[in-house]
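Inspection log for the structure reproduced underneath, given as structure tokens.
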Amino acid sequence: MSTTDNALLITALRDVLVGPLPEIGRRFSTLIADMAPHTSLVIFTRECTGRPRKVAGDPAVVDRVTIAELDRIRTDLTVGQIFRGKCAIAGRDREVLAMLDRTDTLLVLTPHPGPVKAASLELIQALFAVTATGIQLQVRNASPAYLAESRAASSERARTVAEMTEVHAATLETMLATLRSADLDDTRARTSARETAASALIGLRSAVDVHRELAEESTTTAFARMRGELRSLLKHREIALELVEPPVDGRGLPGEVAHGARAVVRGAVLALSDQQTLSRIRVAWTLDAASLSIDIRDDGGGEADVIDVERQLRSRVETLGGTVESESTPGWGNRISTTIPLDAPVALPNRDVLTELAPREFEVLEHLVAGRRNKAISERLGVSESTVKFHVAGVLRKLSVESRGAAAAAGAEAGVKPAP
């Protein structure tokens with residue numbers, strides 16, 4: 001490549017890195033399209049708790065590819081390996097081109113038929129290494145925009161998984177109860193069906209476990225990562241670092257809370273460590289069922305502008321629904337305290353919104369809260385299914401939600417009782 005080509009490529013790579021993180025897959029796909037023509041692209045990183053997949057291309061692939069499939073590909077690769085061959089992805093075996101970066105970030109392409117030059121693959125690998133590192137740095141920086149997007153995505157995925165779990169678990173448990181009935185004959189068929197249902201239940205629970213692993217970070221792991229980051233931050237300073245760990249038996253931290261907490265501590269410690277008279281910084285995490293509390297103190301002479309530090313940290317903390325306070329005592333030191341709720345605050349619908357519903361729409365909402373489908377609602381109200389669909393659409397629009405389940409949840413949270 002000429003010097004001009006190299007300059008253009010570096011500029012294009014910069015454009016990949018500086019845009020919104022959720023769309024980085026699309027930008028990277030455009031960057032490498034001529035080097036390795038492909039129909040779809042998936043970047044998979046466990047750093048991003050809200051959206052671990054960054055995708056571009058064919059919806060038949062990117063909308064159906066699962067975390068389990070990507071995890072299997074990631075596990076089978078070694079760092080730096082470039083693989084081309086058949087893999088199960090999006091529900092069936094497909095030709096893929098895959099590589100794993102040392103950041104544990106996976107790139108998977110479904111390439112067009114035909115060879116890809118070795119030089120092109122090496123260049124893509126280098127570009128992907130920079131992109132993967134950029135993703136890692138954006139996540140670790142935990143900007144307010146990233147935290148807000150990640151929390152929203154995590155909450156939506158958790159709600160969806162919970163709904164699917166309840167529906168499928170109830171169905172499978174009913175199957176098991178029926179098949180265990182002594183009133184049925186054909187023992188072999190019952191046994192086979194029972195084993196199938198039991199395996200499905202195990203698979204379902206495993207899917208929930210994978211979600212939990214992606215969405216949560218153990219408190220021990222989160223604190224250990226923070227310890228390593230702080231020691232690296234202060235390795236050239238003669239400052240004693242005192243760390244008070246939270247209980248090891250507490251609940252896990254949602255990923256965005258763990259990222260946000262570490263970013264807050266790093267920012268505070270970096271600002272406080274600029275004091276000339278400082279010799280010690282103490283960081284303590286306290287965890288209960290509802291929140292993570294972070295207490296950062298130093299023994300400096302009160303030289304730091306803790307009001308400015310608090311202002312810098314506030315946007316991150318408030319994005320997560322938390323609070324931050326600071327105090328400074330000349331001659332004694334500074335203190336910065338933060339409390340971050342572990343769960344996203346529930347946005348209760350304004351009851352005034354419910355008053356905008358027409359009487360029939362309110363009746364339909366009562367049946368949605370009861371979990372009924374359109375046919376059952378039409379039978380109870382004595383109207384056609386098309387009329388019910390019309391009213392459901394009106395309910396969704398006025399409650400500013402996108403699904404029947406979301407409308408039912410909003411109604412229940414606002415105190416709407418299920419129709420008998």
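Chain labels follow the order of the structure tokens: the first chain is A, the next B, and so on; residue numbering restarts at 1 in every chain, and ligands are counted from 1 in their shown order.
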ask   = Which polymer residues have any atom within 8 Å of an atom of Arg262 in chain A, counting only C-alpha atoms, with same-chain residues fewer than 2 positions away left out, as a list in words?
value =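 With the cut-off at 8 Å, the set is Arg140, Ala222, Met226, Ala258, His259, Gly260, Val264, Val265 and Arg266 of chain A.
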- prompt: Between CA of Gly405 in chain A and CA of Asp343 in chain A, what is the spacing in Å?
  reply: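 Those two atoms sit 20.1 Å apart.
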- Message: Can you tell me which residues surround Leu123 in chain A at a distance of at most 12 Å, considering only C-alpha atoms, apart from same-chain residues fewer than 4 positions away, and format the answer as a PyMOL selection string?
- Response: chain A and resi 1+6+9-10+13+31-32+34-36+82+116-119+127-130
task: Would you list the contacts of Arg360 in chain A as a list in words, taking every protein, DNA or RNA residue within 10 Å and counting only C-alpha atoms, but skipping same-chain residues closer than 6 positions in sequence?
output: Glu366, Leu381, Val388, His391, Val392 and Val395 of chain A
Mind dumping the selected residues with N, CA and C atoms as a PDB file, in the first residue's frame?
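Done, and the output landed in result.pdb:
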ATOM      1  N   GLU A 366     -57.035  -3.921  30.714  1.00  0.00           N
ATOM      2  CA  GLU A 366     -57.308  -4.833  31.837  1.00  0.00           C
ATOM      3  C   GLU A 366     -57.147  -6.291  31.408  1.00  0.00           C
ATOM      4  N   LEU A 381     -65.430  -9.316  25.300  1.00  0.00           N
ATOM      5  CA  LEU A 381     -66.007  -7.992  25.071  1.00  0.00           C
ATOM      6  C   LEU A 381     -67.112  -8.006  24.018  1.00  0.00           C
ATOM      7  N   VAL A 388     -60.384  -5.483  18.430  1.00  0.00           N
ATOM      8  CA  VAL A 388     -59.454  -5.610  19.555  1.00  0.00           C
ATOM      9  C   VAL A 388     -58.058  -5.153  19.135  1.00  0.00           C
ATOM     10  N   HIS A 391     -57.861  -1.441  19.170  1.00  0.00           N
ATOM     11  CA  HIS A 391     -57.766  -0.864  20.516  1.00  0.00           C
ATOM     12  C   HIS A 391     -56.393  -1.140  21.144  1.00  0.00           C
ATOM     13  N   VAL A 392     -55.823  -2.326  20.884  1.00  0.00           N
ATOM     14  CA  VAL A 392     -54.489  -2.634  21.409  1.00  0.00           C
ATOM     15  C   VAL A 392     -53.469  -1.646  20.848  1.00  0.00           C
ATOM     16  N   VAL A 395     -53.724   1.512  22.726  1.00  0.00           N
ATOM     17  CA  VAL A 395     -53.135   1.402  24.067  1.00  0.00           C
ATOM     18  C   VAL A 395     -51.622   1.531  23.993  1.00  0.00           C
TER      19      VAL A 395
END
- Query: Looking at A:Leu365, A:Leu292, A:Ala68, A:Ala98, which one is nearest to Ala408 in chain A, with distances taken over only C-alpha atoms?
  - Reply: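 Comparing A:Leu365, A:Leu292, A:Ala68, A:Ala98 against Ala408 in chain A, the winner is A:Leu365.
With only C-alpha atoms as the atoms that count, the minimum distance from Ser400 in chain A to the choices A:Glu356, A:Val42, A:Thr220, A:Gly255 is reached by A:Glu356.
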Closest of A:Thr75, A:Gln136, A:Asn141, A:Ser273 to Thr103 in chain A, counting only C-alpha atoms, is A:Gln136
Neighbouring residues of range 296-311 of chain A were defined as those with any atom within 8 Å, considering only C-alpha atoms; residues of the same chain fewer than 6 positions away were excluded. Please report them as a count of residues only.
31
